[in-house]
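Engineer: Pasting in a structure now, in structure tokens, and then I'll have a few things to ask.
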Amino acid sequence: MASYNVGDLIAEFIHQIGIEVVFGVVSVHNIPMVDGLGRRNTVRVVPARGEMGAGHMADGYARARKGLGCFITSTGPGAANAPGALVEARFGSSPVLHLTGQTATGDLDKAHGAVHDVPNQLGMLRATSKRAYRIQTPQRALGILIKAAAEALTPPMGPVSVEIPIDVQLTEIERPAQLDNIRLPIPTPEAGDPASLNHIAECAAKASRPVLWCGTGAKFAREPVMRLADMGFGVVTSVNGRAVIPEDHPMTLGAFNAVRPVEDLYQNVDLMIVAGGRMRGHETRDLHLKLPAHLIQIDVDPEAYGRTYTCDHFHVGDSTAALAALADRLEGRMQTASSWRTELAGTRDKAHAAFSETLGPYVDMAAIMRDAMPDDALWVRDVTISNTTWGNRLLPLSAPEQNIYPVGAAIGPGYQMGIGAAFAEGSRKVVAMTGDGGFFLNMTEIWTAVQEKADVVIMVMNDKGYGVIKDIQDTMYGSRHFAADPIGPNLEDLAKLAGLPFWRVEALSELSTKLPEAIAVEGPALLEVDMTRIGKYPRYFGAPYYVKKKD
């Protein structure tokens, strides 16, 4: 019988739970896992250029496929490169399994100075992951892996880390028969207390202008949300909850949740139900957004109660299951105002018009891109100013998995998430928009895209510096642009070096021809939008404390 070790078990486990692609950096303390994957050849291994990039790729892969992503790092310094990606996956409630090596068990926590040994690696992973585990003996490997994968997929979802010492990985074991029929112990979604749901239904049945706010926890609740919208609920979403129903649906305001026309509408709304949403300060003007007086919240996490806004009634339950149960109770009972649908449509038109007026020379960009992109394209973005404004709202989407961006608002993850998304099942094109600052932060991952032929258009909005930072410095710091103008390579020369097809857009009118050409490429392509030629982006401030107050 051929030898079989814990590294083989890990490789087989990854395949058995349905993961088709793993991202990572091979190193001395994870070779048994990578070798097991390579010899079996049932799971594709995408070799990233850095551990943070690998983590963001796994995150993008998870979001695009609506399932579990996985990445592998080495020990110590290698594992320490992962927390940025883990933090973003946690912000985005993205189910990611992070597997990292560890020094031999005989050296653990003894300060022997073994290679890559750092104090309290597990503590670092616990601080940045939803959960973190150490496999201390070969016999515990499968059980901990099952628990970790299940916890990553259990709402509220998030990244879970597992460290495996090198001697444990190398230990020969009998192949567990349980691998043939793995069932992850993910709790069955429960709607929650029937009496509480009855109360919500009674409130909704009396409402003449009801609104449903869908956050991350409800973004895949399409069927019940569509039913409620058809009954008369207006729908608004967080940015991460976008496209729970198609954004061209007449009852949805999309992610225009905090603009002035919508805030004005809220004052006439007699019931808002928040489902699976944090009501994050980042999207509510640091909790200054004035919401309807009658607020009900549904969340699977009891700790969400009172965390941001105060509500009249809090219901603990899975958002999809709870909304389905609510729709059942409301069938034939809703009696919304006769003008309500017209009011929603008018508010939507006002919000779009007012928002478009703030975009300056980029006012038509979202429409040009929507026309150029396939209907099912994955729209992946970095936190460039273009995304924080029109990219997060104005380009309409039809499905929630199309919407991938760094929820934690860090620059840099975007196009690596796009690379990972390109490996999700199906043949969807990925368009990944980033700024020059974010692109240069992890620029080396373009070679991952080239080597692995990721089908992604990397679109760099190049304003030759940190545009939004300079706007803040202009407004509040006497136009002193300290550290805001990092230089970078000529992108056309970089594309030639990497072997990437390249286009430069110097006038917005060129985008309608050059973007489709880039999209037509099978594999990665680089498209630069030269913002210094098109015009300066109007000033944008993402938080009230960055708005200069009047004397």
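Identifiers for the structure tokens are assigned positionally: chains receive A, B, ... in sequence, residues are indexed from 1 per chain, and ligands are indexed from 1 in the order shown.
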From a DSSP calculation on the backbone, collect every residue of stretch 2-111 of chain A in strand (DSSP E or B) and output the set as a PyMOL selection string.
Structural biologist: chain A and resi 5+21-24+44-47+69-73+96-102
Engineer: Next, write the just-selected residues to a file, as an mmCIF file, in the first residue's frame, keeping N, CA, C and O atoms as the atom set.
Structural biologist:
```
data_model
loop_
_atom_site.group_PDB
_atom_site.id
_atom_site.type_symbol
_atom_site.label_atom_id
_atom_site.label_comp_id
_atom_site.auth_asym_id
_atom_site.auth_seq_id
_atom_site.Cartn_x
_atom_site.Cartn_y
_atom_site.Cartn_z
ATOM 1 N N ASN A 5 -0.019 10.321 4.223
ATOM 2 C CA ASN A 5 0.255 11.131 5.405
ATOM 3 C C ASN A 5 -0.815 12.212 5.583
ATOM 4 O O ASN A 5 -1.765 12.308 4.796
ATOM 5 N N VAL A 21 -10.186 24.978 -6.673
ATOM 6 C CA VAL A 21 -8.969 25.764 -6.857
ATOM 7 C C VAL A 21 -8.474 26.239 -5.496
ATOM 8 O O VAL A 21 -9.264 26.728 -4.678
ATOM 9 N N VAL A 22 -7.171 26.079 -5.261
ATOM 10 C CA VAL A 22 -6.528 26.561 -4.037
ATOM 11 C C VAL A 22 -5.431 27.542 -4.440
ATOM 12 O O VAL A 22 -4.719 27.330 -5.430
ATOM 13 N N PHE A 23 -5.285 28.607 -3.676
ATOM 14 C CA PHE A 23 -4.281 29.629 -3.948
ATOM 15 C C PHE A 23 -3.232 29.586 -2.841
ATOM 16 O O PHE A 23 -3.554 29.288 -1.688
ATOM 17 N N GLY A 24 -1.999 29.889 -3.163
ATOM 18 C CA GLY A 24 -1.016 29.858 -2.100
ATOM 19 C C GLY A 24 0.405 30.077 -2.555
ATOM 20 O O GLY A 24 0.697 30.274 -3.737
ATOM 21 N N ARG A 44 -6.867 22.320 -8.506
ATOM 22 C CA ARG A 44 -5.869 23.192 -9.137
ATOM 23 C C ARG A 44 -5.192 24.051 -8.078
ATOM 24 O O ARG A 44 -5.848 24.632 -7.205
ATOM 25 N N VAL A 45 -3.874 24.147 -8.141
ATOM 26 C CA VAL A 45 -3.113 25.009 -7.240
ATOM 27 C C VAL A 45 -2.619 26.210 -8.043
ATOM 28 O O VAL A 45 -1.879 26.058 -9.016
ATOM 29 N N VAL A 46 -3.050 27.399 -7.650
ATOM 30 C CA VAL A 46 -2.634 28.635 -8.299
ATOM 31 C C VAL A 46 -1.540 29.269 -7.442
ATOM 32 O O VAL A 46 -1.809 29.699 -6.315
ATOM 33 N N PRO A 47 -0.307 29.311 -7.937
ATOM 34 C CA PRO A 47 0.803 29.843 -7.136
ATOM 35 C C PRO A 47 0.845 31.369 -7.165
ATOM 36 O O PRO A 47 1.246 31.981 -8.150
ATOM 37 N N GLY A 69 -13.761 29.270 -0.199
ATOM 38 C CA GLY A 69 -12.459 29.476 -0.814
ATOM 39 C C GLY A 69 -11.367 28.955 0.098
ATOM 40 O O GLY A 69 -11.594 28.735 1.292
ATOM 41 N N CYS A 70 -10.157 28.757 -0.442
ATOM 42 C CA CYS A 70 -9.069 28.194 0.363
ATOM 43 C C CYS A 70 -7.732 28.745 -0.104
ATOM 44 O O CYS A 70 -7.490 28.862 -1.311
ATOM 45 N N PHE A 71 -6.870 29.089 0.860
ATOM 46 C CA PHE A 71 -5.491 29.424 0.501
ATOM 47 C C PHE A 71 -4.526 28.864 1.528
ATOM 48 O O PHE A 71 -4.891 28.572 2.671
ATOM 49 N N ILE A 72 -3.272 28.673 1.081
ATOM 50 C CA ILE A 72 -2.236 28.030 1.879
ATOM 51 C C ILE A 72 -1.059 28.981 2.029
ATOM 52 O O ILE A 72 -0.597 29.581 1.053
ATOM 53 N N THR A 73 -0.581 29.120 3.258
ATOM 54 C CA THR A 73 0.601 29.944 3.507
ATOM 55 C C THR A 73 1.631 29.140 4.279
ATOM 56 O O THR A 73 1.358 28.048 4.778
ATOM 57 N N VAL A 96 -13.741 31.605 3.926
ATOM 58 C CA VAL A 96 -12.403 31.269 3.438
ATOM 59 C C VAL A 96 -11.722 30.357 4.453
ATOM 60 O O VAL A 96 -11.731 30.630 5.653
ATOM 61 N N LEU A 97 -11.141 29.267 3.965
ATOM 62 C CA LEU A 97 -10.368 28.347 4.802
ATOM 63 C C LEU A 97 -8.892 28.632 4.572
ATOM 64 O O LEU A 97 -8.384 28.490 3.459
ATOM 65 N N HIS A 98 -8.200 29.049 5.614
ATOM 66 C CA HIS A 98 -6.780 29.388 5.542
ATOM 67 C C HIS A 98 -5.978 28.279 6.223
ATOM 68 O O HIS A 98 -6.155 28.019 7.417
ATOM 69 N N LEU A 99 -5.115 27.630 5.462
ATOM 70 C CA LEU A 99 -4.269 26.564 5.982
ATOM 71 C C LEU A 99 -2.829 27.043 6.008
ATOM 72 O O LEU A 99 -2.299 27.495 4.986
ATOM 73 N N THR A 100 -2.206 26.966 7.164
ATOM 74 C CA THR A 100 -0.823 27.421 7.274
ATOM 75 C C THR A 100 0.021 26.387 7.985
ATOM 76 O O THR A 100 -0.465 25.622 8.828
ATOM 77 N N GLY A 101 1.286 26.355 7.630
ATOM 78 C CA GLY A 101 2.207 25.447 8.304
ATOM 79 C C GLY A 101 2.572 25.958 9.680
ATOM 80 O O GLY A 101 2.142 27.025 10.127
ATOM 81 N N GLN A 102 3.380 25.169 10.360
ATOM 82 C CA GLN A 102 3.888 25.547 11.672
ATOM 83 C C GLN A 102 5.170 24.747 11.896
ATOM 84 O O GLN A 102 5.408 23.722 11.240
#
```
Engineer: Which residues come within 12 Å of A:Lys496, counting only C-alpha atoms, excluding same-chain residues fewer than 5 positions away, as a ChimeraX atom specification?
Structural biologist: /A:446-447,450,489-491,501-503,525-526
Engineer: Between A:Ala377, A:Cys203, A:Met57, A:Ala89, single out the one closest to A:Arg329, counting only C-alpha atoms.
Structural biologist: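 Looking only at the distances to A:Arg329, the closest residue turns out to be A:Cys203.
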Engineer: Skipping near chain neighbours, those fewer than 2 positions away, what residues fall within 10 Å of A:Val259 using only C-alpha atoms, listed as a list in words?
Structural biologist: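 Those residues are Ala255, Phe256, Asn257, Pro261, Val262, Glu263, Asp264, Thr284, Arg285, Leu289, Lys350, Ala351, His352, Ala354 and Phe355 of chain A.
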Engineer: Determine the nearest neighbour of A:Lys219 from the options A:Asn41, A:Thr389, A:Gln473, A:Gln402, counting only C-alpha atoms.
Structural biologist: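 The answer is A:Gln402, which sits nearest to A:Lys219.
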Engineer: Quick one: everything within 9 Å of A:Leu184, counting only C-alpha atoms, minus sequence neighbours fewer than 2 positions away in the same chain. Send it as a list in words.
Structural biologist: Ile17, Ile146, Lys147, Ala149, Ala150, Ile182 and Ile186 of chain A
Engineer: Find, counting only C-alpha atoms, the residue in A:Ser27, A:Gln335, A:Asn403, A:Asn392 that gets nearest to A:Leu378.
Structural biologist: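 Of all the options, A:Asn403 lies closest to A:Leu378.
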Engineer: Please determine, counting only C-alpha atoms, which residue among A:Leu397, A:Leu179, A:Leu170, A:Leu287 has the shortest atom-to-atom distance to A:Arg242.
Structural biologist: A:Leu397
Engineer: Just to confirm, what's the straight-line distance from atom CA of A:Met231 to atom CA of A:Glu331 in Å (one decimal)?
Structural biologist: 7.8 Å
